[in-house]
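First the structure, in the form of structure tokens, and then the observations on it.
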Amino acid sequence: MSSSLSRIEDLPTTVVIPSDLAAAHEAEKALLAEVAGCNYSEAATFAIKLAVEEGMNNAVKHGSRFDSRKTVELVYDISKDRAVITITDQGGGFDPSAVPDPTADENLEKPTGRGVMLMRAYMDEVAYNCRGNQVRMVKRNT
Amino acid sequence: MQSSGELVLDVSRRGPASVVRLVGAVGMVEASMLSRQLEELVQQPGCVVVLDLEHLDFMCSSGLGALLNAHAKARPFQGRLSLANPSPMVMRLLETTRLTNLFEVFPSVEKALEGK
């Protein structure tokens with residue numbers, strides 16, 4: 001009985017939201033509440049919040065182009081050991097390797113284009129699917 | 001004082017300068033309010049705007065975008081936008097993005113107002 005209950009508790013949480021920033025923010029708050037319950041360090045919590053914020057922002061702005069008829073799916077599995085987060089949008093995807101380096105001198109003053117770099121800098125693993133409309137990120141609680 | 005989502009902005013005058021105290025977090029929801037507020041302040045000849053970041057817990061790339069928009073808008077007015085008191089987390093963000101090469105970062109509001 002306890003083992004089957006444990007399996008249910010370990011299932012990832014799936015949230016599907018309309019593609020707008022307010023809905024994305026609400027979904028993010030629920031995820032961060034789980035992180036807060038798992039004793040992550042301040043730095044790891046900041047990293048997770050930043051990566052989710054960037055991923056959801058990219059999904060709503062670039063993936064769905066603010067079309068609230070489209071949806072964004074947020075799947076997360078937060079344990080005491082690691083946080084695994086997957087964000088999928090209904091857009092056509094993009095090539096993350098083609099994003100210009102925002103830390104290059106010529107791009108430093110551009111107001112956008114830092115999201116992918118920040119996810120990579122703050123998370124332990126970041127991987128996109130082939131289409132480029134889904135990102136999976138992992139942060140270990142070390 | 002203005003607030004949006006998890007951010008409170010408090011603007012005060014220090015002689016010819018404006019000090020903007022940011023309390024809370026600048027995420028994707030709050031960044032537009034910050035951008036609007038800064039745009040108003042920097043589009044005046046010779047403006048000096050200091051952002052007091054002591055109580056800012058979080059900023060995402062949209063918040064950085066708001067700072068960069070203000071930086072660009074201040075330039076034709078020979079204005080200056082500087083940062084004071086960032087937390088270690090926010091300082092790391094500025095360093096990771098190399099925006100410490102663009103913005104002057106001071107250990108206190110007073111130092112930022114003096115420009116040294």
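If you're wondering about the labels, chains in the structure tokens are A, B, ... by order shown, residues count from 1 in each chain, ligands from 1 in order shown.
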
Chain B near chain A within 8 Å: what's each residue's closest atom pair and its distance in Å to one decimal, counting only C-alpha atoms, ordered by chain then ascending residue number, as CSV?
residue,atom,partner,partner_atom,distance
B:Gly27,CA,A:Glu53,CA,7.1
B:Met28,CA,A:Asn57,CA,6.8
B:Val29,CA,A:Leu21,CA,6.5
B:Phe58,CA,A:Phe46,CA,7.2
B:Met59,CA,A:Leu50,CA,7.7
B:Cys60,CA,A:Leu50,CA,5.9
B:Ser61,CA,A:Arg114,CA,6.1
B:Ser62,CA,A:Thr112,CA,7.3
B:Leu64,CA,A:Pro111,CA,7.1
B:Gly65,CA,A:Pro111,CA,4.1
B:Ala66,CA,A:Pro111,CA,7.2
B:Leu68,CA,A:Pro111,CA,5.4
B:Asn69,CA,A:Pro111,CA,6.3
B:Ala72,CA,A:Glu109,CA,7.9
B:Met89,CA,A:Ala43,CA,7.1
B:Thr96,CA,A:Ala121,CA,7.7
B:Thr97,CA,A:Thr103,CA,5.7
B:Arg98,CA,A:Thr103,CA,5.9
B:Leu99,CA,A:Leu108,CA,7.0
B:Leu102,CA,A:Leu108,CA,7.7

With N, CA and C atoms kept, could you save the residues just selected as a compact mmCIF listing (two decimals), in the first residue's frame?
# COMPACT_ATOMS: atom_id res chain seq x y z
N GLY B 27 10.24 39.61 -12.84
CA GLY B 27 10.06 38.51 -13.77
C GLY B 27 9.40 38.99 -15.03
N MET B 28 8.89 38.04 -15.82
CA MET B 28 8.30 38.40 -17.12
C MET B 28 7.07 39.29 -16.95
N VAL B 29 6.37 39.16 -15.82
CA VAL B 29 5.15 39.96 -15.60
C VAL B 29 5.51 41.38 -15.16
N PHE B 58 15.29 38.80 -7.24
CA PHE B 58 15.30 38.01 -8.48
C PHE B 58 15.14 38.94 -9.67
N MET B 59 15.81 38.59 -10.75
CA MET B 59 15.58 39.28 -12.02
C MET B 59 15.79 38.28 -13.15
N CYS B 60 14.92 38.34 -14.16
CA CYS B 60 15.08 37.46 -15.32
C CYS B 60 15.57 38.30 -16.51
N SER B 61 15.67 37.68 -17.66
CA SER B 61 16.21 38.40 -18.82
C SER B 61 15.29 39.53 -19.27
N SER B 62 13.99 39.42 -19.00
CA SER B 62 13.08 40.52 -19.35
C SER B 62 13.39 41.75 -18.51
N LEU B 64 16.40 42.43 -17.29
CA LEU B 64 17.64 42.96 -17.86
C LEU B 64 17.33 43.77 -19.13
N GLY B 65 16.36 43.29 -19.90
CA GLY B 65 15.93 44.01 -21.10
C GLY B 65 15.40 45.40 -20.76
N ALA B 66 14.68 45.50 -19.64
CA ALA B 66 14.16 46.81 -19.21
C ALA B 66 15.32 47.76 -18.89
N LEU B 68 18.32 47.59 -20.18
CA LEU B 68 19.01 47.91 -21.43
C LEU B 68 18.22 48.91 -22.27
N ASN B 69 16.89 48.79 -22.26
CA ASN B 69 16.07 49.78 -22.96
C ASN B 69 16.29 51.17 -22.37
N ALA B 72 19.65 52.60 -23.33
CA ALA B 72 19.65 53.12 -24.71
C ALA B 72 18.90 54.45 -24.79
N MET B 89 23.16 37.11 -5.79
CA MET B 89 22.46 36.41 -6.89
C MET B 89 22.31 37.32 -8.11
N THR B 96 27.25 37.03 -15.34
CA THR B 96 27.04 35.95 -16.33
C THR B 96 26.70 36.52 -17.70
N THR B 97 25.91 37.59 -17.68
CA THR B 97 25.47 38.19 -18.94
C THR B 97 26.47 39.24 -19.46
N ARG B 98 27.52 39.47 -18.67
CA ARG B 98 28.56 40.47 -18.98
C ARG B 98 28.00 41.89 -18.99
N LEU B 99 26.88 42.10 -18.34
CA LEU B 99 26.32 43.46 -18.31
C LEU B 99 27.08 44.36 -17.33
N LEU B 102 28.70 47.01 -19.13
CA LEU B 102 27.86 48.09 -19.67
C LEU B 102 27.38 49.03 -18.57

Hey, what's within 10 Å of stretch 31-43 of chain B if we count only C-alpha atoms and toss same-chain stuff fewer than 4 positions away? As a PyMOL selection string, please? chain B and resi 2-5+7-9+11+17-20+22+25-27+47-49+51+59-81

For the selection you just gave me, I'd like the residues written to a file as a CSV table (one decimal), in the first residue's frame, keeping N, CA and C atoms.
chain,number,residue,atom,x,y,z
B,2,GLN,N,4.9,52.3,-6.8
B,2,GLN,CA,4.1,51.5,-7.8
B,2,GLN,C,4.3,50.0,-7.5
B,3,SER,N,3.4,49.2,-7.8
B,3,SER,CA,3.6,47.7,-7.7
B,3,SER,C,3.0,47.0,-8.8
B,4,SER,N,3.6,45.9,-9.1
B,4,SER,CA,3.1,45.0,-10.2
B,4,SER,C,3.6,43.6,-9.8
B,5,GLY,N,2.6,42.7,-9.7
B,5,GLY,CA,3.0,41.3,-9.3
B,5,GLY,C,3.9,41.2,-8.1
B,7,LEU,N,6.7,42.9,-7.6
B,7,LEU,CA,7.7,44.0,-7.6
B,7,LEU,C,7.0,45.3,-7.0
B,8,VAL,N,7.8,45.9,-6.1
B,8,VAL,CA,7.4,47.3,-5.7
B,8,VAL,C,8.5,48.2,-6.1
B,9,LEU,N,8.1,49.4,-6.7
B,9,LEU,CA,9.0,50.4,-7.1
B,9,LEU,C,8.8,51.7,-6.3
B,11,VAL,N,10.2,55.5,-6.1
B,11,VAL,CA,11.1,56.5,-6.7
B,11,VAL,C,11.3,57.7,-5.8
B,17,ALA,N,19.2,63.9,-9.0
B,17,ALA,CA,19.1,62.5,-9.4
B,17,ALA,C,17.8,61.8,-8.9
B,18,SER,N,17.5,60.7,-9.5
B,18,SER,CA,16.4,59.9,-9.1
B,18,SER,C,17.0,58.6,-8.6
B,19,VAL,N,16.4,58.1,-7.5
B,19,VAL,CA,16.8,56.8,-6.9
B,19,VAL,C,15.6,55.9,-7.0
B,20,VAL,N,15.7,54.8,-7.7
B,20,VAL,CA,14.6,53.9,-7.8
B,20,VAL,C,14.9,52.7,-7.0
B,22,LEU,N,14.1,49.0,-5.9
B,22,LEU,CA,13.3,47.9,-6.3
B,22,LEU,C,13.2,46.9,-5.2
B,25,ALA,N,10.8,41.1,-6.9
B,25,ALA,CA,11.3,40.3,-8.1
B,25,ALA,C,10.9,40.9,-9.4
B,26,VAL,N,11.8,40.9,-10.4
B,26,VAL,CA,11.4,41.4,-11.7
B,26,VAL,C,11.4,40.1,-12.6
B,27,GLY,N,10.2,39.6,-12.8
B,27,GLY,CA,10.1,38.5,-13.8
B,27,GLY,C,9.4,39.0,-15.0
B,47,CYS,N,20.0,63.3,-17.1
B,47,CYS,CA,19.4,62.6,-16.0
B,47,CYS,C,20.5,61.7,-15.3
B,48,VAL,N,20.3,61.5,-14.0
B,48,VAL,CA,21.1,60.6,-13.3
B,48,VAL,C,20.1,59.7,-12.6
B,49,VAL,N,20.1,58.4,-12.9
B,49,VAL,CA,19.2,57.5,-12.3
B,49,VAL,C,20.0,56.3,-11.6
B,51,LEU,N,19.6,52.8,-9.6
B,51,LEU,CA,18.7,51.7,-9.2
B,51,LEU,C,19.2,51.1,-7.9
B,59,MET,N,15.8,38.6,-10.8
B,59,MET,CA,15.6,39.3,-12.0
B,59,MET,C,15.8,38.3,-13.2
B,60,CYS,N,14.9,38.3,-14.2
B,60,CYS,CA,15.1,37.5,-15.3
B,60,CYS,C,15.6,38.3,-16.5
B,61,SER,N,15.7,37.7,-17.7
B,61,SER,CA,16.2,38.4,-18.8
B,61,SER,C,15.3,39.5,-19.3
B,62,SER,N,14.0,39.4,-19.0
B,62,SER,CA,13.1,40.5,-19.3
B,62,SER,C,13.4,41.8,-18.5
B,63,GLY,N,13.8,41.5,-17.3
B,63,GLY,CA,14.2,42.6,-16.4
B,63,GLY,C,15.5,43.3,-16.9
B,64,LEU,N,16.4,42.4,-17.3
B,64,LEU,CA,17.6,43.0,-17.9
B,64,LEU,C,17.3,43.8,-19.1
B,65,GLY,N,16.4,43.3,-19.9
B,65,GLY,CA,15.9,44.0,-21.1
B,65,GLY,C,15.4,45.4,-20.8
B,66,ALA,N,14.7,45.5,-19.6
B,66,ALA,CA,14.2,46.8,-19.2
B,66,ALA,C,15.3,47.8,-18.9
B,67,LEU,N,16.4,47.2,-18.2
B,67,LEU,CA,17.5,48.1,-17.9
B,67,LEU,C,18.2,48.5,-19.2
B,68,LEU,N,18.3,47.6,-20.2
B,68,LEU,CA,19.0,47.9,-21.4
B,68,LEU,C,18.2,48.9,-22.3
B,69,ASN,N,16.9,48.8,-22.3
B,69,ASN,CA,16.1,49.8,-23.0
B,69,ASN,C,16.3,51.2,-22.4
B,70,ALA,N,16.3,51.2,-21.0
B,70,ALA,CA,16.5,52.5,-20.4
B,70,ALA,C,17.9,53.1,-20.7
B,71,HIS,N,18.9,52.2,-20.7
B,71,HIS,CA,20.3,52.6,-21.0
B,71,HIS,C,20.3,53.2,-22.4
B,72,ALA,N,19.6,52.6,-23.3
B,72,ALA,CA,19.6,53.1,-24.7
B,72,ALA,C,18.9,54.5,-24.8
B,73,LYS,N,17.8,54.6,-24.1
B,73,LYS,CA,17.0,55.8,-24.1
B,73,LYS,C,17.7,57.0,-23.4
B,74,ALA,N,18.5,56.6,-22.4
B,74,ALA,CA,19.2,57.7,-21.7
B,74,ALA,C,20.3,58.3,-22.5
B,75,ARG,N,20.9,57.6,-23.5
B,75,ARG,CA,22.1,58.0,-24.2
B,75,ARG,C,21.9,59.3,-24.9
B,76,PRO,N,20.8,59.5,-25.7
B,76,PRO,CA,20.7,60.8,-26.4
B,76,PRO,C,20.5,62.0,-25.5
B,77,PHE,N,20.2,61.7,-24.2
B,77,PHE,CA,20.0,62.8,-23.3
B,77,PHE,C,21.2,63.0,-22.4
B,78,GLN,N,22.3,62.3,-22.8
B,78,GLN,CA,23.6,62.3,-22.0
B,78,GLN,C,23.3,61.9,-20.5
B,79,GLY,N,22.3,61.0,-20.4
B,79,GLY,CA,22.0,60.5,-19.0
B,79,GLY,C,22.8,59.4,-18.6
B,80,ARG,N,22.7,59.1,-17.3
B,80,ARG,CA,23.5,58.0,-16.7
B,80,ARG,C,22.6,57.1,-15.8
B,81,LEU,N,22.6,55.8,-16.1
B,81,LEU,CA,21.8,54.8,-15.3
B,81,LEU,C,22.9,53.9,-14.6

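The protein and nucleic acid residues lying at most 12 Å from A:Asp67 are A:Ile17, A:Pro18, A:Ser19, A:Asp20, A:Leu21, A:Ala59, A:Val60, A:Lys61, A:His62, A:Gly63, A:Ser64, A:Arg65, A:Arg69, A:Lys70, A:Thr71, A:Val72, A:Asp89, A:Gln90, A:Gly91, with only C-alpha atoms considered and sequence neighbours fewer than 2 positions away removed.
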
Selection file, N, CA and C atoms, as an mmCIF file, in the first residue's frame:
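Output contents, as saved in selection-v9.cif:
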data_model
loop_
_atom_site.group_PDB
_atom_site.id
_atom_site.type_symbol
_atom_site.label_atom_id
_atom_site.label_comp_id
_atom_site.auth_asym_id
_atom_site.auth_seq_id
_atom_site.Cartn_x
_atom_site.Cartn_y
_atom_site.Cartn_z
ATOM 1 N N ILE A 17 -1.392 25.227 -19.856
ATOM 2 C CA ILE A 17 -1.933 26.579 -19.661
ATOM 3 C C ILE A 17 -2.149 27.264 -21.011
ATOM 4 N N PRO A 18 -3.084 28.233 -21.044
ATOM 5 C CA PRO A 18 -3.159 29.068 -22.249
ATOM 6 C C PRO A 18 -1.863 29.869 -22.360
ATOM 7 N N SER A 19 -1.489 30.168 -23.572
ATOM 8 C CA SER A 19 -0.185 30.791 -23.776
ATOM 9 C C SER A 19 -0.241 32.291 -23.470
ATOM 10 N N ASP A 20 -0.206 32.630 -22.193
ATOM 11 C CA ASP A 20 -0.043 34.037 -21.815
ATOM 12 C C ASP A 20 0.821 34.131 -20.561
ATOM 13 N N LEU A 21 1.402 35.307 -20.359
ATOM 14 C CA LEU A 21 2.428 35.452 -19.319
ATOM 15 C C LEU A 21 1.855 35.284 -17.910
ATOM 16 N N ALA A 59 8.432 30.205 -24.551
ATOM 17 C CA ALA A 59 7.302 29.437 -25.095
ATOM 18 C C ALA A 59 6.142 30.357 -25.468
ATOM 19 N N VAL A 60 5.844 31.316 -24.576
ATOM 20 C CA VAL A 60 4.698 32.215 -24.813
ATOM 21 C C VAL A 60 5.023 33.235 -25.909
ATOM 22 N N LYS A 61 6.205 33.839 -25.824
ATOM 23 C CA LYS A 61 6.523 34.940 -26.753
ATOM 24 C C LYS A 61 6.939 34.425 -28.128
ATOM 25 N N HIS A 62 7.865 33.466 -28.139
ATOM 26 C CA HIS A 62 8.432 33.032 -29.419
ATOM 27 C C HIS A 62 7.732 31.793 -29.964
ATOM 28 N N GLY A 63 7.407 30.843 -29.065
ATOM 29 C CA GLY A 63 6.742 29.620 -29.525
ATOM 30 C C GLY A 63 5.326 29.904 -29.994
ATOM 31 N N SER A 64 4.532 30.501 -29.120
ATOM 32 C CA SER A 64 3.113 30.738 -29.433
ATOM 33 C C SER A 64 2.859 32.116 -30.011
ATOM 34 N N ARG A 65 3.868 32.965 -29.963
ATOM 35 C CA ARG A 65 3.727 34.363 -30.421
ATOM 36 C C ARG A 65 2.502 35.034 -29.796
ATOM 37 N N ARG A 69 -4.805 31.141 -27.900
ATOM 38 C CA ARG A 69 -5.544 29.919 -28.293
ATOM 39 C C ARG A 69 -4.611 28.717 -28.263
ATOM 40 N N LYS A 70 -3.323 29.002 -28.291
ATOM 41 C CA LYS A 70 -2.343 27.912 -28.169
ATOM 42 C C LYS A 70 -2.060 27.654 -26.697
ATOM 43 N N THR A 71 -1.484 26.501 -26.425
ATOM 44 C CA THR A 71 -1.198 26.147 -25.037
ATOM 45 C C THR A 71 0.292 25.881 -24.852
ATOM 46 N N VAL A 72 0.693 25.941 -23.595
ATOM 47 C CA VAL A 72 2.057 25.575 -23.201
ATOM 48 C C VAL A 72 1.926 24.489 -22.133
ATOM 49 N N ASP A 89 5.906 23.950 -26.218
ATOM 50 C CA ASP A 89 4.938 24.876 -26.812
ATOM 51 C C ASP A 89 4.433 24.319 -28.134
ATOM 52 N N GLN A 90 3.448 24.987 -28.714
ATOM 53 C CA GLN A 90 2.839 24.508 -29.956
ATOM 54 C C GLN A 90 3.359 25.263 -31.175
ATOM 55 N N GLY A 91 4.493 25.918 -31.005
ATOM 56 C CA GLY A 91 5.078 26.639 -32.131
ATOM 57 C C GLY A 91 5.867 25.727 -33.045
#

Using backbone DSSP assignments, extract all strand (DSSP E or B) residues from stretch 13-105 of chain B; output them as a compact mmCIF listing (two decimals) with N, CA and C atoms, in the first residue's frame.
# COMPACT_ATOMS: atom_id res chain seq x y z
N ARG B 13 13.69 61.52 -5.06
CA ARG B 13 14.64 62.48 -5.63
C ARG B 13 15.77 62.71 -4.65
N ARG B 14 16.98 62.73 -5.17
CA ARG B 14 18.15 63.11 -4.36
C ARG B 14 18.84 64.23 -5.12
N ALA B 17 19.19 63.93 -8.98
CA ALA B 17 19.14 62.51 -9.36
C ALA B 17 17.84 61.85 -8.89
N SER B 18 17.53 60.74 -9.54
CA SER B 18 16.41 59.90 -9.12
C SER B 18 16.96 58.58 -8.61
N VAL B 19 16.44 58.14 -7.48
CA VAL B 19 16.81 56.83 -6.94
C VAL B 19 15.57 55.95 -7.00
N VAL B 20 15.70 54.83 -7.68
CA VAL B 20 14.59 53.89 -7.81
C VAL B 20 14.91 52.67 -6.97
N ARG B 21 14.10 52.46 -5.95
CA ARG B 21 14.31 51.30 -5.06
C ARG B 21 13.43 50.17 -5.56
N LEU B 22 14.06 49.03 -5.86
CA LEU B 22 13.32 47.87 -6.34
C LEU B 22 13.21 46.86 -5.20
N VAL B 23 11.99 46.48 -4.88
CA VAL B 23 11.78 45.52 -3.80
C VAL B 23 11.00 44.32 -4.36
N GLY B 24 11.56 43.13 -4.22
CA GLY B 24 10.86 41.93 -4.68
C GLY B 24 11.56 41.27 -5.84
N ALA B 25 10.82 41.07 -6.92
CA ALA B 25 11.35 40.31 -8.06
C ALA B 25 10.92 40.94 -9.37
N VAL B 26 11.80 40.91 -10.35
CA VAL B 26 11.44 41.35 -11.71
C VAL B 26 11.43 40.13 -12.60
N VAL B 48 20.34 61.55 -14.04
CA VAL B 48 21.13 60.56 -13.28
C VAL B 48 20.11 59.68 -12.55
N VAL B 49 20.11 58.40 -12.89
CA VAL B 49 19.16 57.46 -12.29
C VAL B 49 19.95 56.33 -11.65
N VAL B 50 19.70 56.13 -10.37
CA VAL B 50 20.36 55.05 -9.63
C VAL B 50 19.31 54.02 -9.23
N LEU B 51 19.57 52.78 -9.58
CA LEU B 51 18.67 51.70 -9.17
C LEU B 51 19.22 51.05 -7.91
N ASP B 52 18.47 51.15 -6.82
CA ASP B 52 18.88 50.53 -5.56
C ASP B 52 18.36 49.09 -5.55
N LEU B 53 19.29 48.14 -5.68
CA LEU B 53 18.90 46.72 -5.84
C LEU B 53 19.03 45.92 -4.54
N GLU B 54 19.21 46.61 -3.43
CA GLU B 54 19.47 45.89 -2.17
C GLU B 54 18.38 44.87 -1.85
N HIS B 55 17.13 45.24 -2.13
CA HIS B 55 16.02 44.35 -1.77
C HIS B 55 15.40 43.66 -2.99
N LEU B 56 16.19 43.56 -4.05
CA LEU B 56 15.73 42.83 -5.24
C LEU B 56 16.24 41.40 -5.15
N ASP B 57 15.31 40.46 -5.05
CA ASP B 57 15.68 39.05 -4.85
C ASP B 57 15.92 38.31 -6.17
N PHE B 58 15.29 38.80 -7.24
CA PHE B 58 15.30 38.01 -8.48
C PHE B 58 15.14 38.94 -9.67
N MET B 59 15.81 38.59 -10.75
CA MET B 59 15.58 39.28 -12.02
C MET B 59 15.79 38.28 -13.15
N ARG B 80 22.69 59.08 -17.27
CA ARG B 80 23.48 58.00 -16.68
C ARG B 80 22.57 57.13 -15.83
N LEU B 81 22.62 55.82 -16.09
CA LEU B 81 21.85 54.85 -15.31
C LEU B 81 22.85 53.94 -14.62
N SER B 82 22.81 53.88 -13.30
CA SER B 82 23.76 53.01 -12.62
C SER B 82 23.05 52.16 -11.58
N LEU B 83 23.75 51.13 -11.13
CA LEU B 83 23.16 50.13 -10.24
C LEU B 83 23.88 50.15 -8.90
N ALA B 84 23.13 49.95 -7.83
CA ALA B 84 23.74 49.95 -6.50
C ALA B 84 23.22 48.78 -5.68
N GLU B 104 27.60 50.58 -14.65
CA GLU B 104 28.44 50.76 -13.47
C GLU B 104 27.67 50.21 -12.26
N VAL B 105 28.35 49.40 -11.47
CA VAL B 105 27.72 48.80 -10.29
C VAL B 105 28.48 49.31 -9.06

Where does DSSP see helix (DSSP H, G or I) in stretch 25-114 of chain B, if you list the residues as a PyMOL selection string? chain B and resi 31-42+61-77+88-96+99-101+109-114

In Å, rounded to a single decimal, give me how far atom CA of A:Met119 is from atom CA of B:Leu93.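 Atom-to-atom, atom CA of B:Leu93 to atom CA of A:Met119, that is 11.5 Å.
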
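Between A:Ile48 and the candidates A:Ala127, A:Val138, A:Val75, A:Ala30, the tightest atom-to-atom separation, counting only C-alpha atoms, involves A:Val138.
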
How many Å separate atom CA of A:Ala83 from atom CA of A:Leu11?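 Separation between atom CA of A:Ala83 and atom CA of A:Leu11: 12.6 Å.
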
A straight line from atom CA of B:Gly46 to atom CA of B:Asn85 spans 22.8 Å
